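Student: One file: upload.cif (mmCIF, C-alpha atoms).
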```cif
data_final
loop_
_atom_site.label_atom_id
_atom_site.label_comp_id
_atom_site.auth_asym_id
_atom_site.auth_seq_id
_atom_site.Cartn_x
_atom_site.Cartn_y
_atom_site.Cartn_z
CA MET A 264 -188.28 126.45 238.37
CA THR A 265 -186.11 124.91 241.10
CA LEU A 266 -182.31 124.80 241.05
CA PRO A 267 -182.10 120.99 240.50
CA ILE A 268 -184.34 121.30 237.43
CA ILE A 269 -182.20 124.16 236.06
CA LEU A 270 -179.07 122.06 236.62
CA PHE A 271 -180.68 119.07 234.88
CA TYR A 272 -181.66 121.08 231.79
CA ALA A 273 -178.18 122.60 231.71
CA PHE A 274 -176.75 119.07 231.88
CA ILE A 275 -178.90 117.98 228.92
CA ALA A 276 -177.59 120.95 226.92
CA VAL A 277 -173.97 120.22 227.85
CA VAL A 278 -174.25 116.53 226.95
CA SER A 279 -175.92 117.44 223.66
CA ILE A 280 -173.10 119.84 222.73
CA GLN A 281 -170.47 117.23 223.63
CA ILE A 282 -172.19 114.55 221.53
CA ILE A 283 -172.58 116.91 218.57
CA TYR A 284 -168.93 117.89 218.88
CA TYR A 285 -167.72 114.27 218.95
CA LEU A 286 -169.93 113.18 216.06
CA SER A 287 -169.43 116.31 213.93
CA PHE A 288 -165.72 116.90 214.42
CA LEU A 289 -163.81 114.18 216.21
CA PHE A 290 -165.39 111.19 214.49
CA SER A 291 -164.26 112.57 211.12
CA PHE A 292 -160.70 111.57 212.00
CA GLY A 293 -161.62 108.51 214.03
CA SER A 294 -163.24 106.93 210.96
CA LYS A 295 -160.45 107.94 208.52
CA ARG A 296 -157.99 105.29 207.35
CA ALA A 297 -154.27 106.01 207.17
CA GLU A 298 -153.06 106.33 203.57
CA THR A 299 -149.51 105.72 202.42
CA HIS A 300 -148.13 108.01 199.71
CA LEU A 301 -144.66 106.95 198.60
CA LYS A 302 -143.69 109.12 195.67
CA LYS A 303 -140.45 110.20 194.06
CA GLN A 304 -138.16 111.28 196.89
CA ILE A 305 -138.03 115.07 196.67
CA PRO A 306 -135.12 117.00 198.25
CA ILE A 307 -135.86 117.53 201.96
CA SER A 308 -134.25 119.70 204.65
CA VAL A 309 -134.76 118.37 208.19
CA ILE A 310 -134.48 121.22 210.70
CA ILE A 311 -133.72 120.55 214.36
CA CYS A 312 -133.47 123.50 216.73
CA ALA A 313 -131.79 122.48 219.99
CA LYS A 314 -131.02 124.22 223.26
CA ASN A 315 -128.93 122.22 225.74
CA GLU A 316 -129.68 118.90 224.04
CA ALA A 317 -126.21 117.33 223.77
CA GLU A 318 -127.20 113.89 225.09
CA ASN A 319 -130.40 113.70 223.08
CA LEU A 320 -128.57 114.61 219.88
CA LYS A 321 -125.95 111.91 220.48
CA LYS A 322 -128.66 109.33 221.04
CA ASN A 323 -131.29 110.29 218.46
CA LEU A 324 -129.58 111.97 215.51
CA PRO A 325 -128.24 108.65 214.09
CA PHE A 326 -131.85 107.47 213.59
CA ILE A 327 -132.50 110.47 211.35
CA LEU A 328 -129.19 110.11 209.52
CA ASN A 329 -130.08 106.48 208.79
CA GLN A 330 -133.34 107.30 207.04
CA ALA A 331 -133.95 105.27 203.89
CA TYR A 332 -134.20 108.44 201.85
CA SER A 333 -132.06 109.38 198.87
CA ASN A 334 -131.89 113.18 199.09
CA PHE A 335 -131.98 115.04 202.38
CA GLU A 336 -129.92 117.35 204.55
CA ILE A 337 -130.10 117.96 208.29
CA VAL A 338 -129.85 121.55 209.52
CA LEU A 339 -128.81 121.60 213.18
CA VAL A 340 -129.55 124.91 214.91
CA ASN A 341 -127.74 125.55 218.19
CA ASP A 342 -129.89 128.04 220.08
CA SER A 343 -127.30 129.59 222.43
CA SER A 344 -126.74 126.36 224.37
CA PHE A 345 -124.47 126.33 227.42
CA ASP A 346 -123.83 122.57 227.48
CA ASP A 347 -121.95 120.51 224.85
CA THR A 348 -124.66 120.84 222.19
CA LEU A 349 -122.48 122.86 219.82
CA GLU A 350 -119.56 120.41 220.10
CA VAL A 351 -121.87 117.45 219.42
CA MET A 352 -123.29 119.22 216.36
CA LYS A 353 -119.76 119.97 215.09
CA ASP A 354 -118.83 116.31 215.45
CA PHE A 355 -121.82 115.19 213.36
CA SER A 356 -121.25 117.86 210.70
CA SER A 357 -117.57 116.88 210.36
CA ILE A 358 -118.48 113.25 209.71
CA HIS A 359 -121.61 113.61 207.56
CA ASN A 360 -121.69 115.72 204.39
CA ASN A 361 -125.45 116.25 204.65
CA VAL A 362 -125.33 117.84 208.14
CA LYS A 363 -125.24 121.65 208.26
CA LEU A 364 -124.65 123.67 211.43
CA VAL A 365 -126.21 127.03 212.35
CA ASP A 366 -124.87 128.53 215.57
CA VAL A 367 -127.05 131.22 217.15
CA LYS A 368 -124.76 133.21 219.40
CA VAL A 369 -125.64 134.46 222.86
CA SER A 370 -125.33 138.03 221.57
CA GLU A 371 -128.32 137.38 219.33
CA ALA A 372 -130.48 136.06 222.15
CA PHE A 373 -132.15 139.44 222.67
CA TRP A 374 -134.76 138.12 220.27
CA GLY A 375 -135.71 135.99 223.24
CA ASN A 376 -137.17 132.82 221.75
CA LYS A 377 -136.87 129.76 219.54
CA LYS A 378 -138.50 131.41 216.54
CA TYR A 379 -135.48 133.55 215.67
CA ALA A 380 -133.16 130.53 215.81
CA LEU A 381 -135.56 128.52 213.66
CA THR A 382 -135.74 131.34 211.13
CA LEU A 383 -131.97 131.26 210.76
CA GLY A 384 -132.14 127.50 210.26
CA ILE A 385 -134.82 127.84 207.59
CA LYS A 386 -132.77 130.50 205.79
CA ALA A 387 -129.72 128.22 205.86
CA SER A 388 -131.59 125.22 204.41
CA LYS A 389 -130.99 124.54 200.73
CA ASN A 390 -134.30 122.79 199.91
CA ASP A 391 -137.84 124.10 199.56
CA PHE A 392 -139.45 121.18 201.40
CA LEU A 393 -138.83 121.39 205.16
CA VAL A 394 -139.39 118.80 207.89
CA PHE A 395 -139.27 119.82 211.56
CA THR A 396 -138.61 117.69 214.61
CA ASP A 397 -136.95 118.03 218.02
CA ALA A 398 -133.68 116.71 219.45
CA ASP A 399 -135.54 114.41 221.85
CA CYS A 400 -137.53 112.75 219.04
CA VAL A 401 -136.86 109.43 217.31
CA PRO A 402 -138.52 108.49 214.00
CA ASN A 403 -140.74 105.43 214.33
CA SER A 404 -139.09 103.87 211.27
CA GLU A 405 -136.41 104.43 208.64
CA HIS A 406 -139.22 105.42 206.26
CA TRP A 407 -140.34 108.45 208.30
CA LEU A 408 -139.15 111.00 205.74
CA ALA A 409 -140.55 109.02 202.81
CA HIS A 410 -144.00 108.86 204.39
CA LEU A 411 -144.09 112.55 205.30
CA SER A 412 -142.67 113.89 202.03
CA GLY A 413 -144.97 111.69 199.94
CA ASN A 414 -147.89 113.91 200.98
CA PHE A 415 -146.46 117.06 199.40
CA SER A 416 -148.07 118.06 196.10
CA ASN A 417 -148.83 121.17 194.07
CA GLU A 418 -151.83 121.78 196.36
CA LYS A 419 -150.50 120.46 199.68
CA SER A 420 -147.77 122.61 201.23
CA ILE A 421 -148.32 121.68 204.92
CA ILE A 422 -148.07 118.14 206.31
CA LEU A 423 -149.32 117.46 209.85
CA GLY A 424 -147.68 114.46 211.52
CA TYR A 425 -148.11 112.73 214.87
CA GLY A 426 -145.57 113.08 217.68
CA ALA A 427 -146.05 110.28 220.20
CA TYR A 428 -144.50 109.85 223.64
CA ALA A 429 -142.72 106.70 224.81
CA LYS A 430 -144.72 104.36 227.06
CA LYS A 431 -143.62 103.90 230.67
CA LYS A 432 -145.03 101.10 232.81
CA PHE A 433 -146.87 101.78 236.07
CA SER A 434 -146.87 105.56 235.60
CA LEU A 435 -150.04 107.62 235.92
CA LEU A 436 -148.15 110.68 234.68
CA ASN A 437 -147.07 108.84 231.53
CA LYS A 438 -150.62 107.72 230.80
CA LEU A 439 -151.88 111.26 231.38
CA ILE A 440 -149.25 112.74 229.03
CA ARG A 441 -150.08 110.21 226.32
CA PHE A 442 -153.83 110.68 226.81
CA GLU A 443 -153.49 114.45 226.42
CA THR A 444 -151.33 113.90 223.33
CA VAL A 445 -153.93 111.63 221.72
CA MET A 446 -156.78 114.00 222.57
CA THR A 447 -154.85 116.93 221.07
CA ALA A 448 -154.00 114.92 217.96
CA MET A 449 -157.62 113.79 217.61
CA GLN A 450 -158.66 117.44 217.63
CA TYR A 451 -156.09 118.95 215.27
CA PHE A 452 -156.37 116.04 212.82
CA SER A 453 -160.18 116.17 212.95
CA TYR A 454 -160.31 119.92 212.44
CA ALA A 455 -157.91 119.66 209.51
CA GLN A 456 -160.00 116.83 208.06
CA VAL A 457 -163.05 119.11 207.88
CA GLY A 458 -161.06 122.09 206.55
CA LEU A 459 -160.50 123.95 209.84
CA THR A 460 -156.77 123.37 210.41
CA TYR A 461 -155.68 125.23 213.54
CA MET A 462 -152.34 123.75 214.65
CA GLY A 463 -149.54 121.25 214.17
CA VAL A 464 -146.83 119.95 216.50
CA GLY A 465 -143.17 120.86 216.01
CA ARG A 466 -142.10 117.31 216.89
CA ASN A 467 -143.40 116.13 213.52
CA LEU A 468 -144.33 118.80 211.01
CA ALA A 469 -143.49 119.67 207.40
CA TYR A 470 -144.11 122.66 205.15
CA ARG A 471 -142.61 124.47 202.19
CA LYS A 472 -140.01 127.19 202.68
CA GLU A 473 -141.85 129.24 200.07
CA LEU A 474 -144.96 129.20 202.27
CA PHE A 475 -142.89 130.38 205.24
CA PHE A 476 -141.35 133.40 203.53
CA ASN A 477 -144.45 134.35 201.53
CA ASN A 478 -146.25 134.75 204.87
CA SER A 479 -143.42 136.69 206.60
CA GLY A 480 -142.40 133.70 208.72
CA PHE A 481 -142.94 134.18 212.45
CA ASN A 482 -142.99 137.99 212.26
CA ASN A 483 -146.62 138.39 213.32
CA HIS A 484 -146.02 136.54 216.59
CA MET A 485 -142.25 136.81 217.12
CA SER A 486 -142.75 138.40 220.54
CA ILE A 487 -144.72 135.38 221.80
CA LYS A 488 -142.32 132.86 223.31
CA SER A 489 -144.12 129.71 222.13
CA GLY A 490 -146.03 128.97 218.96
CA ASP A 491 -143.39 128.30 216.31
CA ASP A 492 -145.56 125.37 215.27
CA ASP A 493 -149.19 126.00 216.20
CA LEU A 494 -149.36 129.79 215.71
CA PHE A 495 -147.64 129.61 212.33
CA ILE A 496 -149.92 126.81 211.13
CA ASN A 497 -152.96 128.62 212.54
CA GLU A 498 -151.99 131.64 210.48
CA VAL A 499 -151.17 130.04 207.10
CA ALA A 500 -153.18 126.81 206.86
CA ASN A 501 -156.44 126.57 204.95
CA ALA A 502 -158.85 123.90 203.75
CA SER A 503 -156.86 123.10 200.61
CA ASN A 504 -153.15 123.39 201.49
CA THR A 505 -152.94 120.88 204.38
CA ALA A 506 -152.46 117.10 204.33
CA LEU A 507 -152.52 114.60 207.22
CA CYS A 508 -149.90 111.89 207.70
CA PHE A 509 -150.55 109.36 210.44
CA THR A 510 -149.20 106.07 209.12
CA LYS A 511 -147.29 104.19 211.84
CA ASP A 512 -144.00 104.60 209.97
CA SER A 513 -144.47 108.39 210.00
CA PHE A 514 -144.69 108.82 213.80
CA THR A 515 -141.96 110.32 215.92
CA VAL A 516 -141.51 109.21 219.53
CA SER A 517 -140.25 111.49 222.32
CA GLU A 518 -139.26 110.89 225.90
CA PRO A 519 -142.04 112.25 228.14
CA LYS A 520 -141.48 114.44 231.16
CA SER A 521 -140.72 112.46 234.30
CA SER A 522 -142.29 114.81 236.84
CA PHE A 523 -145.64 116.57 237.09
CA LYS A 524 -143.86 119.89 237.67
CA ALA A 525 -141.84 119.66 234.44
CA TRP A 526 -144.88 118.56 232.43
CA ILE A 527 -147.09 121.34 233.80
CA LEU A 528 -144.43 123.94 232.92
CA GLN A 529 -144.34 122.51 229.39
CA LYS A 530 -148.14 122.63 229.10
CA ARG A 531 -148.20 126.19 230.43
CA ARG A 532 -146.01 127.24 227.50
CA HIS A 533 -148.18 125.36 225.01
CA ILE A 534 -151.50 126.66 226.34
CA SER A 535 -150.21 130.26 226.42
CA THR A 536 -150.50 130.42 222.61
CA ALA A 537 -154.21 129.54 222.42
CA PRO A 538 -155.46 133.15 222.94
CA PHE A 539 -153.74 134.08 219.65
CA TYR A 540 -155.60 131.55 217.50
CA LYS A 541 -158.17 132.69 214.96
CA MET A 542 -161.49 133.57 216.59
CA LYS A 543 -163.41 130.64 215.04
CA HIS A 544 -160.87 128.20 216.44
CA LYS A 545 -160.91 129.80 219.88
CA LEU A 546 -164.70 129.62 220.01
CA LEU A 547 -164.89 125.97 218.94
CA LEU A 548 -162.04 124.81 221.19
CA GLY A 549 -163.31 126.91 224.10
CA LEU A 550 -166.81 125.49 223.73
CA PHE A 551 -165.48 121.92 223.82
CA TYR A 552 -163.33 122.46 226.90
CA THR A 553 -166.05 124.43 228.73
CA THR A 554 -168.66 121.74 228.11
CA GLN A 555 -166.14 119.06 229.15
CA LEU A 556 -165.65 120.83 232.47
CA LEU A 557 -169.37 121.48 232.95
CA PHE A 558 -170.18 117.86 232.13
CA TRP A 559 -168.21 116.66 235.14
CA ILE A 560 -169.37 119.44 237.47
CA LEU A 561 -173.05 118.97 236.62
CA ALA A 562 -172.91 115.16 236.53
CA ILE A 563 -171.32 114.95 239.98
CA SER A 564 -173.67 117.62 241.40
CA LEU A 565 -176.82 115.93 240.09
CA LEU A 566 -175.70 112.51 241.32
CA ILE A 567 -174.96 113.93 244.79
CA ILE A 568 -178.42 115.50 245.12
CA GLY A 569 -180.02 112.41 243.55
CA PHE A 570 -182.19 114.34 241.08
CA THR A 571 -183.67 111.92 238.49
CA TRP A 572 -180.51 109.88 238.88
CA TYR A 573 -181.57 107.31 236.28
CA TRP A 574 -181.76 110.00 233.56
CA VAL A 575 -178.45 111.46 234.70
CA VAL A 576 -176.80 108.02 234.55
CA ALA A 577 -178.33 107.43 231.11
CA LEU A 578 -176.96 110.73 229.78
CA ILE A 579 -173.54 110.08 231.33
CA SER A 580 -173.48 106.61 229.75
CA LEU A 581 -174.51 107.92 226.32
CA ARG A 582 -171.80 110.57 226.33
CA PHE A 583 -169.12 108.09 227.47
CA ILE A 584 -170.10 105.52 224.83
CA ILE A 585 -169.74 108.08 222.03
CA GLN A 586 -166.49 109.38 223.53
CA TRP A 587 -165.11 105.83 223.80
CA LEU A 588 -165.95 105.16 220.17
CA CYS A 589 -164.24 108.33 218.88
CA PHE A 590 -161.26 108.09 221.22
CA GLY A 591 -160.99 104.33 220.73
CA PHE A 592 -160.75 104.53 216.94
CA THR A 593 -158.15 107.29 217.23
CA ALA A 594 -156.13 105.53 219.95
CA LYS A 595 -156.01 102.36 217.85
CA LYS A 596 -154.68 104.32 214.85
CA LEU A 597 -152.07 106.02 217.02
CA GLU A 598 -151.06 102.80 218.85
CA GLU A 599 -152.33 103.98 222.26
CA THR A 600 -155.00 101.31 222.91
CA ASP A 601 -153.99 100.84 226.57
CA LEU A 602 -155.52 104.26 227.31
CA ILE A 603 -159.04 103.48 226.07
CA ILE A 604 -160.38 101.79 229.21
CA LEU A 605 -158.98 104.61 231.40
CA THR A 606 -160.54 107.43 229.35
CA PRO A 607 -163.02 108.76 231.99
CA ILE A 608 -160.42 108.82 234.78
CA LEU A 609 -157.72 110.39 232.61
CA GLU A 610 -160.16 112.97 231.26
CA LEU A 611 -161.13 114.06 234.77
CA PHE A 612 -157.47 114.43 235.76
CA LEU A 613 -156.67 116.29 232.55
CA ILE A 614 -159.44 118.89 232.65
CA SER A 615 -158.63 119.60 236.32
CA LEU A 616 -154.98 120.20 235.41
CA GLN A 617 -155.93 122.29 232.38
CA LEU A 618 -158.11 124.50 234.58
CA SER A 619 -155.27 125.02 237.06
CA ILE A 620 -152.83 125.78 234.21
CA PHE A 621 -155.28 128.28 232.68
CA ILE A 622 -155.59 130.07 236.05
CA ALA A 623 -151.80 130.03 236.55
CA ASN A 624 -151.25 131.56 233.10
CA LEU A 625 -153.69 134.36 233.93
CA ILE A 626 -151.54 135.21 236.94
CA SER A 627 -148.14 134.97 235.23
CA LYS A 628 -146.92 134.08 231.73
CA PRO A 629 -144.22 131.45 230.96
CA LYS A 630 -141.12 133.35 229.82
CA HIS A 631 -138.86 130.94 227.93
CA TRP A 632 -139.19 128.03 225.51
CA LYS A 633 -136.62 126.13 227.52
#
```
If you took the structure in this file and wrote it as structure tokens, what would it be?
Tutor:
Amino acid sequence: MTLPIILFYAFIAVVSIQIIYYLSFLFSFGSKRAETHLKKQIPISVIICAKNEAENLKKNLPFILNQAYSNFEIVLVNDSSFDDTLEVMKDFSSIHNNVKLVDVKVSEAFWGNKKYALTLGIKASKNDFLVFTDADCVPNSEHWLAHLSGNFSNEKSIILGYGAYAKKKFSLLNKLIRFETVMTAMQYFSYAQVGLTYMGVGRNLAYRKELFFNNSGFNNHMSIKSGDDDLFINEVANASNTALCFTKDSFTVSEPKSSFKAWILQKRRHISTAPFYKMKHKLLLGLFYTTQLLFWILAISLLIIGFTWYWVVALISLRFIIQWLCFGFTAKKLEETDLIILTPILELFLISLQLSIFIANLISKPKHWK
């Protein structure tokens, strides 16, 4: 059997796996309609852990304070900042009765990461139902808390939300950041939909304090710098305790990184947690990324050598059509429709960057959350 034939059969296998993956996993979220659950407004504690975020707090905290919600507190955690973050937090807490301040001193920083500061914030909160977001996030509406909290029930103790990034015109980096965000959301929502929850995002996440302490909080991965959101959810989520919230009013919107260097450093921290996921999640996610990469390598190789090009083009087209359908439905739900037509180009850029980040993380590990 010649090399071109081996490559062609390998390409058929890769395309088949990609199609099965899209239809089995990712389409489960793409075809799901957003449901609004507005129930009695339970007491909520919003926890924001901030390190050197003075300007973002000044700009964004009023949007959270102005939520149309009857019973909530905001716990502001200053994680050993060296700008004016602490002073800004003190100003808000002096004006608003429902703002509580937790100051993590520099002397406590030997713990070395955000998880210790967050744990102190969780301990200081007075309510059992916790909502997490970041200082650079703005709720998409004044009903953000109502939409998230309405999904809590006796069975559902984890709520996965969507954290979008603001759109910037004429920016390839911005489109790439938003494309990666939608692809990630499509995966973690889809996995959760079929009972295989593996992560959430700290920009928009909710869970019960009881769940946190019954599972020893972050203790099992305290030494890992990142993962206060995804590693904790990977550890405690199951098929019955997780709900999805992706109504437009429930989104948060963050300012994206403005340089490739800053974004890559951020993604290096995020990707560094993946090796600590449960084995079934690592296998499924690894298979998807590997076949994504092989799809492009084999497609380009077969087109260059011209081996049965019409079959290669047919397989490429079939895979892209199914991808467009799954991504398109998801992008429409998440208000990112401008990305749909650019999907092949953005995917090629993204998997190339992910490969370089994976190699960089093998050489050296990111050391700090900020």
Student: By how many Å are CA of Val362 in chain A and CA of Asn334 in chain A apart?
Tutor: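 These two atoms are separated by 12.1 Å.
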Student: Please determine, counting all atoms listed in the file, which residue among A:Phe583, A:Phe621, A:Phe415, A:Phe395 has the shortest atom-to-atom distance to Asp492 in chain A.
Tutor: A:Phe395
Student: Taking into account only C-alpha atoms, which residue in the set A:Met485, A:Val457, A:Val278, A:Ile310 is nearest to Asn390 in chain A?
Tutor: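 Result for the nearest residue to Asn390 in chain A: A:Ile310.
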Student: Which of these residues is nearest to Ser343 in chain A, using all atoms listed in the file: A:Ile307, A:Leu613, A:Leu286, A:Ala313?
Tutor: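 The closest residue to Ser343 in chain A is A:Ala313.
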Student: Find the nearest atom pair between each residue of range 285-371 of chain A and range 502-516 of chain A for residues within 12 Å, count only C-alpha atoms, give distances in Å to one decimal, sort rows by chain and ascending number, and present the table as JSON lines.
Tutor:
```
{"residue": "A:Phe292", "atom": "CA", "partner": "A:Leu507", "partner_atom": "CA", "distance": 9.9}
{"residue": "A:Gly293", "atom": "CA", "partner": "A:Phe509", "partner_atom": "CA", "distance": 11.7}
{"residue": "A:Lys295", "atom": "CA", "partner": "A:Phe509", "partner_atom": "CA", "distance": 10.2}
{"residue": "A:Arg296", "atom": "CA", "partner": "A:Thr510", "partner_atom": "CA", "distance": 9.0}
{"residue": "A:Ala297", "atom": "CA", "partner": "A:Thr510", "partner_atom": "CA", "distance": 5.4}
{"residue": "A:Glu298", "atom": "CA", "partner": "A:Thr510", "partner_atom": "CA", "distance": 6.8}
{"residue": "A:Thr299", "atom": "CA", "partner": "A:Thr510", "partner_atom": "CA", "distance": 6.7}
{"residue": "A:His300", "atom": "CA", "partner": "A:Cys508", "partner_atom": "CA", "distance": 9.1}
{"residue": "A:Leu301", "atom": "CA", "partner": "A:Thr510", "partner_atom": "CA", "distance": 11.5}
{"residue": "A:Asn323", "atom": "CA", "partner": "A:Val516", "partner_atom": "CA", "distance": 10.3}
{"residue": "A:Phe326", "atom": "CA", "partner": "A:Thr515", "partner_atom": "CA", "distance": 10.8}
{"residue": "A:Ile327", "atom": "CA", "partner": "A:Thr515", "partner_atom": "CA", "distance": 10.5}
{"residue": "A:Gln330", "atom": "CA", "partner": "A:Asp512", "partner_atom": "CA", "distance": 11.4}
{"residue": "A:Ala331", "atom": "CA", "partner": "A:Asp512", "partner_atom": "CA", "distance": 11.8}
```
Student: Compile the contact shell of range 586-592 of chain A as a ChimeraX atom specification: residues with an atom at most 12 Å away, counting only C-alpha atoms, same-chain residues fewer than 4 positions apart removed.
Tutor: /A:278,281-297,442-450,453,555,579-582,596-607,610
Student: Listing only residues of range 457-569 of chain A within 9 Å of range 426-435 of chain A, what is the closest atom pair and its distance in Å (to one decimal) for each, using only C-alpha atoms, sorted by chain and residue number ascending, as a tab-separated table?
Tutor:
```
residue	atom	partner	partner_atom	distance
A:Val464	CA	A:Gly426	CA	7.1
A:Gly465	CA	A:Gly426	CA	8.3
A:Arg466	CA	A:Gly426	CA	5.5
A:Asn467	CA	A:Gly426	CA	5.6
A:Leu468	CA	A:Gly426	CA	8.9
A:Phe514	CA	A:Gly426	CA	5.8
A:Thr515	CA	A:Gly426	CA	4.9
A:Val516	CA	A:Ala427	CA	4.7
A:Ser517	CA	A:Tyr428	CA	4.7
A:Glu518	CA	A:Ala429	CA	5.5
A:Pro519	CA	A:Tyr428	CA	5.7
```
Student: Mind checking which residues fall within 12 Å of Ser356 in chain A, counting all atoms listed in the file, ignoring those fewer than 4 positions away in the same chain, and posting them as an MDAnalysis selection string?
Tutor: chainID A and resid 324 328 336:340 349:352 360:365
Student: Provide the CA of Val394 in chain A to CA of Gly424 in chain A distance in Å, to one decimal place.
Tutor: 10.0 Å
Student: Restricting the calculation to only C-alpha atoms: of A:Ile567, A:Ala317, A:Ile560, A:Asn482, which residue gets closest to Val277 in chain A?
Tutor: A:Ile560
Student: Neighbourhood query: residues within 9 Å of (-177.6, 119.8, 233.7), file coordinates, counting all atoms listed in the file; return as a VMD selection string.
Tutor: chain A and resid 267 to 278 557 to 558 561 to 562 564 to 565 575
Student: Apply the PyMOL selection byres ((chain A and resi 460) around 9) to the displayed file and report the matching residues as a PyMOL selection string.
Tutor: chain A and resi 451-459+461-463+496-497+500-502+505+544
Student: What does the structure give for the distance between CA of Ile421 in chain A and CA of Ala469 in chain A, in Å to one decimal?
Tutor: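 Pair CA of Ile421 in chain A / CA of Ala469 in chain A returns 5.8 Å.
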Student: Counting only C-alpha atoms, what is within 12 Å of Asn478 in chain A, bar same-chain residues fewer than 2 positions away, as a ChimeraX atom specification?
Tutor: /A:471-476,480-484,495-500
Student: Please, what is the axis-aligned box for every listed atom of range 322-334 of chain A with 8 Å on each side, as centre and edge lengths in Å to one decimal, as lines of an AutoDock Vina configuration file?
Tutor:
```
center_x = -131.2
center_y = 109.2
center_z = 210.0
size_x = 22.0
size_y = 23.9
size_z = 38.2
```
